[in-house]
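*Asks:* My file is entry.cif. It has mmCIF, C-alpha atoms:
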```cif
data_run
loop_
_atom_site.group_PDB
_atom_site.id
_atom_site.type_symbol
_atom_site.label_atom_id
_atom_site.label_comp_id
_atom_site.auth_asym_id
_atom_site.auth_seq_id
_atom_site.Cartn_x
_atom_site.Cartn_y
_atom_site.Cartn_z
ATOM 1 C CA MET A 1 -106.084 92.409 145.133
ATOM 2 C CA MET A 2 -109.191 90.975 143.478
ATOM 3 C CA LEU A 3 -107.246 90.396 140.237
ATOM 4 C CA ARG A 4 -104.542 88.470 142.090
ATOM 5 C CA ARG A 5 -107.169 86.317 143.767
ATOM 6 C CA LYS A 6 -108.794 85.522 140.427
ATOM 7 C CA ASN A 7 -105.409 84.647 138.912
ATOM 8 C CA ARG A 8 -104.675 82.400 141.896
ATOM 9 C CA VAL A 9 -107.975 80.581 141.417
ATOM 10 C CA GLY A 10 -107.124 79.998 137.760
ATOM 11 C CA VAL A 11 -103.686 78.605 138.636
ATOM 12 C CA VAL A 12 -105.140 76.311 141.301
ATOM 13 C CA LEU A 13 -107.800 74.998 138.919
ATOM 14 C CA THR A 14 -105.202 74.359 136.219
ATOM 15 C CA VAL A 15 -102.874 72.498 138.580
ATOM 16 C CA LEU A 16 -105.759 70.442 139.960
ATOM 17 C CA SER A 17 -106.944 69.601 136.443
ATOM 18 C CA VAL A 18 -103.499 68.412 135.352
ATOM 19 C CA ALA A 19 -102.973 66.375 138.536
ATOM 20 C CA ALA A 20 -106.454 64.864 138.343
ATOM 21 C CA PHE A 21 -106.012 64.002 134.664
ATOM 22 C CA LEU A 22 -102.741 62.208 135.387
ATOM 23 C CA GLY A 23 -104.498 60.307 138.167
ATOM 24 C CA ALA A 24 -107.305 59.339 135.790
ATOM 25 C CA LEU A 25 -104.751 58.090 133.256
ATOM 26 C CA TRP A 26 -103.224 55.864 135.930
ATOM 27 C CA MET A 27 -106.663 54.476 136.783
ATOM 28 C CA VAL A 28 -107.490 53.798 133.125
ATOM 29 C CA PHE A 29 -104.231 52.008 132.326
ATOM 30 C CA GLY A 30 -103.113 50.719 135.719
ATOM 31 C CA TYR A 31 -106.101 50.319 138.022
ATOM 32 C CA ALA A 32 -108.993 49.214 135.817
ATOM 33 C CA PRO A 33 -108.757 45.530 134.819
ATOM 34 C CA ARG A 34 -108.489 44.308 131.252
ATOM 35 C CA GLU A 35 -111.945 43.694 129.792
ATOM 36 C CA ALA A 36 -112.504 40.001 129.067
ATOM 37 C CA THR A 37 -114.091 40.292 125.602
ATOM 38 C CA MET A 38 -112.619 43.408 123.975
ATOM 39 C CA GLY A 39 -109.256 43.470 125.707
ATOM 40 C CA ASP A 40 -107.235 46.661 126.110
ATOM 41 C CA VAL A 41 -109.138 48.525 123.379
ATOM 42 C CA GLN A 42 -112.003 48.794 125.867
ATOM 43 C CA ARG A 43 -109.935 51.340 127.817
ATOM 44 C CA ILE A 44 -110.956 53.930 125.215
ATOM 45 C CA PHE A 45 -114.411 53.594 126.805
ATOM 46 C CA TYR A 46 -113.388 55.748 129.796
ATOM 47 C CA PHE A 47 -112.325 58.661 127.578
ATOM 48 C CA HIS A 48 -115.225 58.197 125.171
ATOM 49 C CA VAL A 49 -117.983 58.297 127.780
ATOM 50 C CA ALA A 50 -116.367 61.068 129.851
ATOM 51 C CA SER A 51 -115.900 63.341 126.839
ATOM 52 C CA ALA A 52 -119.479 62.664 125.704
ATOM 53 C CA TRP A 53 -120.793 63.622 129.145
ATOM 54 C CA VAL A 54 -118.836 66.893 129.169
ATOM 55 C CA GLY A 55 -119.862 67.696 125.594
ATOM 56 C CA PHE A 56 -123.536 67.199 126.439
ATOM 57 C CA PHE A 57 -123.139 69.172 129.660
ATOM 58 C CA GLY A 58 -121.458 72.011 127.768
ATOM 59 C CA PHE A 59 -124.353 72.158 125.308
ATOM 60 C CA PHE A 60 -126.797 72.093 128.228
ATOM 61 C CA VAL A 61 -125.059 75.117 129.759
ATOM 62 C CA THR A 62 -125.326 76.865 126.387
ATOM 63 C CA PHE A 63 -129.024 75.976 126.252
ATOM 64 C CA VAL A 64 -129.739 77.380 129.732
ATOM 65 C CA THR A 65 -127.643 80.538 129.414
ATOM 66 C CA SER A 66 -129.124 81.244 125.978
ATOM 67 C CA ILE A 67 -132.590 81.264 127.535
ATOM 68 C CA VAL A 68 -131.368 83.543 130.323
ATOM 69 C CA TYR A 69 -129.806 85.895 127.761
ATOM 70 C CA LEU A 70 -133.060 86.192 125.795
ATOM 71 C CA VAL A 71 -134.854 87.085 129.032
ATOM 72 C CA ARG A 72 -132.284 89.473 130.512
ATOM 73 C CA GLU A 73 -130.192 90.531 127.483
ATOM 74 C CA GLU A 74 -127.038 90.734 129.576
ATOM 75 C CA ARG A 75 -123.721 90.303 127.767
ATOM 76 C CA HIS A 76 -122.318 87.996 130.449
ATOM 77 C CA TRP A 77 -124.832 85.234 129.678
ATOM 78 C CA ASP A 78 -124.057 85.434 125.962
ATOM 79 C CA ILE A 79 -120.357 85.021 126.738
ATOM 80 C CA VAL A 80 -121.008 81.960 128.889
ATOM 81 C CA ALA A 81 -123.220 80.420 126.190
ATOM 82 C CA ALA A 82 -120.639 80.954 123.446
ATOM 83 C CA SER A 83 -117.733 79.767 125.594
ATOM 84 C CA SER A 84 -119.531 76.618 126.735
ATOM 85 C CA ALA A 85 -120.551 75.751 123.179
ATOM 86 C CA GLU A 86 -116.948 75.985 121.968
ATOM 87 C CA ILE A 87 -115.682 73.754 124.758
ATOM 88 C CA GLY A 88 -118.589 71.337 124.352
ATOM 89 C CA LEU A 89 -117.804 71.065 120.646
ATOM 90 C CA ALA A 90 -114.173 70.236 121.432
ATOM 91 C CA PHE A 91 -115.238 67.416 123.754
ATOM 92 C CA ILE A 92 -117.827 66.072 121.306
ATOM 93 C CA THR A 93 -115.119 66.017 118.643
ATOM 94 C CA MET A 94 -113.059 63.923 121.059
ATOM 95 C CA THR A 95 -116.104 61.693 121.549
ATOM 96 C CA LEU A 96 -116.425 61.053 117.816
ATOM 97 C CA LEU A 97 -112.703 60.358 117.389
ATOM 98 C CA THR A 98 -112.468 57.968 120.352
ATOM 99 C CA GLY A 99 -115.661 56.287 119.204
ATOM 100 C CA MET A 100 -114.160 55.647 115.783
ATOM 101 C CA LEU A 101 -110.957 54.258 117.313
ATOM 102 C CA TRP A 102 -113.053 51.987 119.519
ATOM 103 C CA ALA A 103 -115.407 50.911 116.713
ATOM 104 C CA ARG A 104 -112.728 49.740 114.270
ATOM 105 C CA PRO A 105 -111.490 46.715 116.269
ATOM 106 C CA VAL A 106 -114.921 45.982 117.814
ATOM 107 C CA TRP A 107 -117.297 46.495 114.855
ATOM 108 C CA GLY A 108 -114.788 46.130 112.020
ATOM 109 C CA VAL A 109 -115.465 49.647 110.663
ATOM 110 C CA TYR A 110 -114.648 53.174 111.845
ATOM 111 C CA TRP A 111 -118.133 54.468 111.099
ATOM 112 C CA THR A 112 -121.582 53.214 110.188
ATOM 113 C CA TRP A 113 -124.712 55.281 109.621
ATOM 114 C CA GLU A 114 -126.813 53.801 112.396
ATOM 115 C CA PRO A 115 -129.240 56.119 114.307
ATOM 116 C CA ARG A 116 -126.985 57.079 117.228
ATOM 117 C CA LEU A 117 -123.950 57.877 115.077
ATOM 118 C CA THR A 118 -126.040 59.726 112.501
ATOM 119 C CA ILE A 119 -127.501 61.976 115.204
ATOM 120 C CA SER A 120 -123.990 62.516 116.602
ATOM 121 C CA ALA A 121 -122.737 63.620 113.180
ATOM 122 C CA VAL A 122 -125.657 66.024 112.757
ATOM 123 C CA GLN A 123 -125.076 67.372 116.262
ATOM 124 C CA TRP A 124 -121.396 68.003 115.527
ATOM 125 C CA LEU A 125 -122.233 69.864 112.308
ATOM 126 C CA LEU A 126 -124.896 71.973 114.067
ATOM 127 C CA TYR A 127 -122.484 73.174 116.726
ATOM 128 C CA VAL A 128 -119.727 73.790 114.185
ATOM 129 C CA ALA A 129 -122.256 76.051 112.450
ATOM 130 C CA TYR A 130 -123.035 77.695 115.819
ATOM 131 C CA VAL A 131 -119.372 78.576 116.315
ATOM 132 C CA MET A 132 -119.147 79.854 112.736
ATOM 133 C CA LEU A 133 -122.244 81.997 113.307
ATOM 134 C CA ARG A 134 -120.351 83.918 115.946
ATOM 135 C CA GLY A 135 -118.778 86.962 114.340
ATOM 136 C CA SER A 136 -120.732 86.607 111.098
ATOM 137 C CA VAL A 137 -123.395 89.190 112.025
ATOM 138 C CA ALA A 138 -122.512 92.878 111.960
ATOM 139 C CA SER A 139 -124.511 93.857 115.047
ATOM 140 C CA PRO A 140 -123.273 92.206 118.298
ATOM 141 C CA GLU A 141 -126.778 92.359 119.771
ATOM 142 C CA ARG A 142 -128.371 90.658 116.760
ATOM 143 C CA GLU A 143 -125.590 88.081 116.711
ATOM 144 C CA ALA A 144 -126.205 87.283 120.385
ATOM 145 C CA ARG A 145 -129.974 86.910 119.833
ATOM 146 C CA PHE A 146 -129.552 84.718 116.744
ATOM 147 C CA ALA A 147 -126.963 82.579 118.535
ATOM 148 C CA ALA A 148 -129.206 82.226 121.604
ATOM 149 C CA VAL A 149 -132.138 80.974 119.536
ATOM 150 C CA TYR A 150 -129.841 78.685 117.573
ATOM 151 C CA GLY A 151 -128.251 77.323 120.763
ATOM 152 C CA ILE A 152 -131.675 76.525 122.195
ATOM 153 C CA MET A 153 -132.827 74.733 119.043
ATOM 154 C CA ALA A 154 -129.578 72.796 118.541
ATOM 155 C CA PHE A 155 -129.838 71.330 122.042
ATOM 156 C CA VAL A 156 -132.595 68.989 120.849
ATOM 157 C CA THR A 157 -129.809 66.762 119.480
ATOM 158 C CA VAL A 158 -128.636 65.986 123.038
ATOM 159 C CA PRO A 159 -131.754 64.105 124.243
ATOM 160 C CA LEU A 160 -132.140 62.598 120.767
ATOM 161 C CA SER A 161 -128.610 61.212 120.959
ATOM 162 C CA TRP A 162 -129.151 59.938 124.486
ATOM 163 C CA PHE A 163 -132.412 58.114 123.754
ATOM 164 C CA ALA A 164 -131.514 56.912 120.235
ATOM 165 C CA ILE A 165 -130.160 53.593 121.479
ATOM 166 C CA ARG A 166 -133.372 53.049 123.470
ATOM 167 C CA TRP A 167 -135.860 54.133 120.795
ATOM 168 C CA TRP A 168 -134.318 52.515 117.705
ATOM 169 C CA ARG A 169 -132.443 49.344 116.906
ATOM 170 C CA THR A 170 -128.768 50.268 117.013
ATOM 171 C CA ILE A 171 -125.410 48.547 117.383
ATOM 172 C CA HIS A 172 -124.242 51.203 119.825
ATOM 173 C CA PRO A 173 -124.160 49.764 123.373
ATOM 174 C CA GLN A 174 -125.967 51.319 126.325
ATOM 175 C CA VAL A 175 -122.844 52.451 128.126
ATOM 176 C CA VAL A 176 -124.620 53.350 131.363
ATOM 177 C CA SER A 177 -125.812 49.796 131.816
ATOM 178 C CA GLY A 178 -122.498 48.384 130.639
ATOM 179 C CA GLU A 179 -124.225 46.399 127.891
ATOM 180 C CA GLY A 180 -121.734 44.340 125.919
ATOM 181 C CA MET A 181 -119.088 44.256 128.664
ATOM 182 C CA ALA A 182 -118.708 42.989 132.207
ATOM 183 C CA MET A 183 -118.401 46.123 134.362
ATOM 184 C CA THR A 184 -116.409 45.296 137.489
ATOM 185 C CA PRO A 185 -116.334 47.645 140.514
ATOM 186 C CA ARG A 186 -112.893 48.928 139.467
ATOM 187 C CA MET A 187 -114.218 49.709 135.996
ATOM 188 C CA VAL A 188 -117.152 51.648 137.444
ATOM 189 C CA GLN A 189 -114.822 53.569 139.775
ATOM 190 C CA THR A 190 -112.515 54.417 136.884
ATOM 191 C CA LEU A 191 -115.413 55.562 134.728
ATOM 192 C CA LEU A 192 -116.837 57.817 137.452
ATOM 193 C CA THR A 193 -113.374 59.255 138.135
ATOM 194 C CA SER A 194 -112.849 59.977 134.432
ATOM 195 C CA ILE A 195 -116.210 61.750 134.238
ATOM 196 C CA GLY A 196 -115.355 63.832 137.311
ATOM 197 C CA VAL A 197 -111.906 64.738 135.990
ATOM 198 C CA PHE A 198 -113.213 65.716 132.552
ATOM 199 C CA THR A 199 -115.857 67.865 134.236
ATOM 200 C CA LEU A 200 -113.126 69.627 136.232
ATOM 201 C CA VAL A 201 -111.210 70.247 133.003
ATOM 202 C CA TYR A 202 -114.391 71.683 131.472
ATOM 203 C CA VAL A 203 -114.837 74.096 134.396
ATOM 204 C CA THR A 204 -111.195 75.189 134.127
ATOM 205 C CA LEU A 205 -111.427 75.769 130.371
ATOM 206 C CA LEU A 206 -114.781 77.551 130.675
ATOM 207 C CA ARG A 207 -113.408 79.963 133.262
ATOM 208 C CA GLN A 208 -110.388 80.773 131.103
ATOM 209 C CA ARG A 209 -112.510 81.186 127.961
ATOM 210 C CA ILE A 210 -114.900 83.571 129.738
ATOM 211 C CA ARG A 211 -111.972 85.648 131.011
ATOM 212 C CA LEU A 212 -110.558 85.808 127.484
ATOM 213 C CA ALA A 213 -113.900 86.989 126.099
ATOM 214 C CA LEU A 214 -114.173 89.677 128.788
ATOM 215 C CA ALA A 215 -110.632 90.839 127.998
ATOM 216 C CA GLN A 216 -111.544 91.044 124.302
ATOM 217 C CA ASP A 217 -114.575 93.181 125.179
ATOM 218 C CA THR A 218 -112.393 95.521 127.242
ATOM 219 C CA LEU A 219 -109.873 95.830 124.405
ATOM 220 C CA THR A 220 -112.646 96.569 121.894
ATOM 221 C CA ALA A 221 -114.101 99.247 124.172
ATOM 222 C CA LEU A 222 -110.668 100.910 124.524
ATOM 223 C CA GLN A 223 -110.144 100.871 120.763
ATOM 224 C CA LEU A 224 -113.556 102.467 120.164
ATOM 225 C CA ALA A 225 -112.822 105.112 122.790
ATOM 226 C CA GLN A 226 -109.529 106.005 121.095
ATOM 227 C CA GLU A 227 -111.152 106.221 117.673
ATOM 228 C CA SER A 228 -113.837 108.583 118.964
#
```
Can you dump the structure from the file as structure tokens?

*Replies:*
Amino acid sequence: MMLRRKNRVGVVLTVLSVAAFLGALWMVFGYAPREATMGDVQRIFYFHVASAWVGFFGFFVTFVTSIVYLVREERHWDIVAASSAEIGLAFITMTLLTGMLWARPVWGVYWTWEPRLTISAVQWLLYVAYVMLRGSVASPEREARFAAVYGIMAFVTVPLSWFAIRWWRTIHPQVVSGEGMAMTPRMVQTLLTSIGVFTLVYVTLLRQRIRLALAQDTLTALQLAQES
């Protein structure tokens, strides 16, 4: 009975995520007006900012659950930290790709080594290394402790990335203030909807990834029991 309920929750979340994402697409391409200066290329903005928010939030969840794991040493918190980092990395990858597609027509280049983008590149590499660290240590307990410490330290790139455009001279706009574009009410509504929808997708993916990790643990335990 409990298993059926959990499966039902997963199905509902998936359906809601798909429906909400389709609604967000309509808002981006049909509801939000065309930006006066950049034209239709500005519509990438809604995906770029929303994916950045979810990526940062995913790394924040990894940061918090890594601390909890070091305190309690419970496997569940390690699973949440690893799962959230993987999903956060996927969204940050989307952030970098959409940023490059946006930068080419606006700045004339896909990439430039200004402070914000440099920190973003370092952040991406750090979390790629975090994912690669998983499974590279023989002892699961040592792996979890190393990954927890690493996840805590790597999180420093999130506030650095956020404040880079305020601390240093950079060509990257302050997206929250809408610098460089005229943000109309419809644009703001579309942006907030996109952020909410991407967050829902993150929750759906996180739940499924945690369930997969728990199933892998159960399978490993059964295999060990058969071997003994």

*Asks:* On this file, the PyMOL selection byres ((chain A and resi 50) around 12) gives some set of residues; write that set as a compact mmCIF listing (two decimals) with C-alpha atoms, in the frame of the given file.

*Replies:*
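In the end it all went to out_10.txt:
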```txt
# COMPACT_ATOMS: atom_id res chain seq x y z
CA PHE A 21 -106.01 64.00 134.66
CA ALA A 24 -107.30 59.34 135.79
CA VAL A 28 -107.49 53.80 133.12
CA ARG A 43 -109.94 51.34 127.82
CA ILE A 44 -110.96 53.93 125.22
CA PHE A 45 -114.41 53.59 126.80
CA TYR A 46 -113.39 55.75 129.80
CA PHE A 47 -112.32 58.66 127.58
CA HIS A 48 -115.22 58.20 125.17
CA VAL A 49 -117.98 58.30 127.78
CA SER A 51 -115.90 63.34 126.84
CA ALA A 52 -119.48 62.66 125.70
CA TRP A 53 -120.79 63.62 129.15
CA VAL A 54 -118.84 66.89 129.17
CA GLY A 55 -119.86 67.70 125.59
CA PHE A 56 -123.54 67.20 126.44
CA PHE A 57 -123.14 69.17 129.66
CA GLY A 88 -118.59 71.34 124.35
CA PHE A 91 -115.24 67.42 123.75
CA ILE A 92 -117.83 66.07 121.31
CA MET A 94 -113.06 63.92 121.06
CA THR A 95 -116.10 61.69 121.55
CA THR A 98 -112.47 57.97 120.35
CA GLY A 99 -115.66 56.29 119.20
CA VAL A 175 -122.84 52.45 128.13
CA VAL A 176 -124.62 53.35 131.36
CA THR A 190 -112.52 54.42 136.88
CA LEU A 191 -115.41 55.56 134.73
CA LEU A 192 -116.84 57.82 137.45
CA THR A 193 -113.37 59.26 138.14
CA SER A 194 -112.85 59.98 134.43
CA ILE A 195 -116.21 61.75 134.24
CA GLY A 196 -115.36 63.83 137.31
CA VAL A 197 -111.91 64.74 135.99
CA PHE A 198 -113.21 65.72 132.55
CA THR A 199 -115.86 67.86 134.24
CA LEU A 200 -113.13 69.63 136.23
CA VAL A 201 -111.21 70.25 133.00
CA TYR A 202 -114.39 71.68 131.47
```

*Asks:* Can you build me a table of segment 18-107 of chain A residues sitting at most 10 Å from segment 128-146 of chain A, with the closest atom pair per residue and its distance in Å to one decimal, using all atoms listed in the file, sorted by chain and residue number, as CSV?

*Replies:*
```
residue,atom,partner,partner_atom,distance
A:Ser66,CA,A:Arg145,CA,8.4
A:Ile67,CA,A:Arg145,CA,9.9
A:Tyr69,CA,A:Arg145,CA,8.0
A:Leu70,CA,A:Arg145,CA,6.8
A:Glu73,CA,A:Arg145,CA,8.5
A:Glu74,CA,A:Ala144,CA,9.9
A:Arg75,CA,A:Ala144,CA,8.4
A:Trp77,CA,A:Ala144,CA,9.6
A:Asp78,CA,A:Ala144,CA,6.3
A:Ile79,CA,A:Ala144,CA,8.9
A:Ala81,CA,A:Ala144,CA,9.5
A:Ala82,CA,A:Val131,CA,7.6
A:Ser83,CA,A:Val131,CA,9.5
A:Ala85,CA,A:Val131,CA,7.5
A:Glu86,CA,A:Val131,CA,6.7
A:Leu89,CA,A:Val128,CA,7.3
A:Ala90,CA,A:Val128,CA,9.8
```

*Asks:* Got a sec: who's within 12 Å of Val80 of chain A, counting all atoms listed in the file, leaving out chain neighbours fewer than 4 positions off, as number ranges by chain?

*Replies:* A: 58-69, 74-76, 84-88, 144, 147-148, 151, 203, 205-214

*Asks:* Only C-alpha atoms, please: the residues just picked out, written as a compact mmCIF listing (two decimals), keeping the file's coordinate frame.

*Replies:*
```txt
# COMPACT_ATOMS: atom_id res chain seq x y z
CA GLY A 58 -121.46 72.01 127.77
CA PHE A 59 -124.35 72.16 125.31
CA PHE A 60 -126.80 72.09 128.23
CA VAL A 61 -125.06 75.12 129.76
CA THR A 62 -125.33 76.86 126.39
CA PHE A 63 -129.02 75.98 126.25
CA VAL A 64 -129.74 77.38 129.73
CA THR A 65 -127.64 80.54 129.41
CA SER A 66 -129.12 81.24 125.98
CA ILE A 67 -132.59 81.26 127.54
CA VAL A 68 -131.37 83.54 130.32
CA TYR A 69 -129.81 85.90 127.76
CA GLU A 74 -127.04 90.73 129.58
CA ARG A 75 -123.72 90.30 127.77
CA HIS A 76 -122.32 88.00 130.45
CA SER A 84 -119.53 76.62 126.74
CA ALA A 85 -120.55 75.75 123.18
CA GLU A 86 -116.95 75.98 121.97
CA ILE A 87 -115.68 73.75 124.76
CA GLY A 88 -118.59 71.34 124.35
CA ALA A 144 -126.20 87.28 120.38
CA ALA A 147 -126.96 82.58 118.54
CA ALA A 148 -129.21 82.23 121.60
CA GLY A 151 -128.25 77.32 120.76
CA VAL A 203 -114.84 74.10 134.40
CA LEU A 205 -111.43 75.77 130.37
CA LEU A 206 -114.78 77.55 130.68
CA ARG A 207 -113.41 79.96 133.26
CA GLN A 208 -110.39 80.77 131.10
CA ARG A 209 -112.51 81.19 127.96
CA ILE A 210 -114.90 83.57 129.74
CA ARG A 211 -111.97 85.65 131.01
CA LEU A 212 -110.56 85.81 127.48
CA ALA A 213 -113.90 86.99 126.10
CA LEU A 214 -114.17 89.68 128.79
```

*Asks:* Please measure the separation of atom CA of Pro33 of chain A and atom CA of Trp107 of chain A, giving the value in Å to one decimal.

*Replies:*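 Taking atom CA of Pro33 of chain A and atom CA of Trp107 of chain A, their separation equals 21.7 Å.
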
*Asks:* Emit as AutoDock Vina command-line options the padded axis-aligned box for all listed atoms of segment 151-159 of chain A, 8 Å per side, with centre and edge lengths in Å to one decimal.

*Replies:*
```
--center_x -130.5 --center_y 70.7 --center_z 121.4 --size_x 20.6 --size_y 29.2 --size_z 21.7
```

*Asks:* Work out how far apart atom CA of Met153 of chain A and atom CA of Tyr110 of chain A are and give it in Å to one decimal.

*Replies:* 29.1 Å

*Asks:* What does the distance between atom CA of Ser120 of chain A and atom CA of Phe155 of chain A come to in Å, to one decimal place?

*Replies:*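 The value is 11.9 Å.
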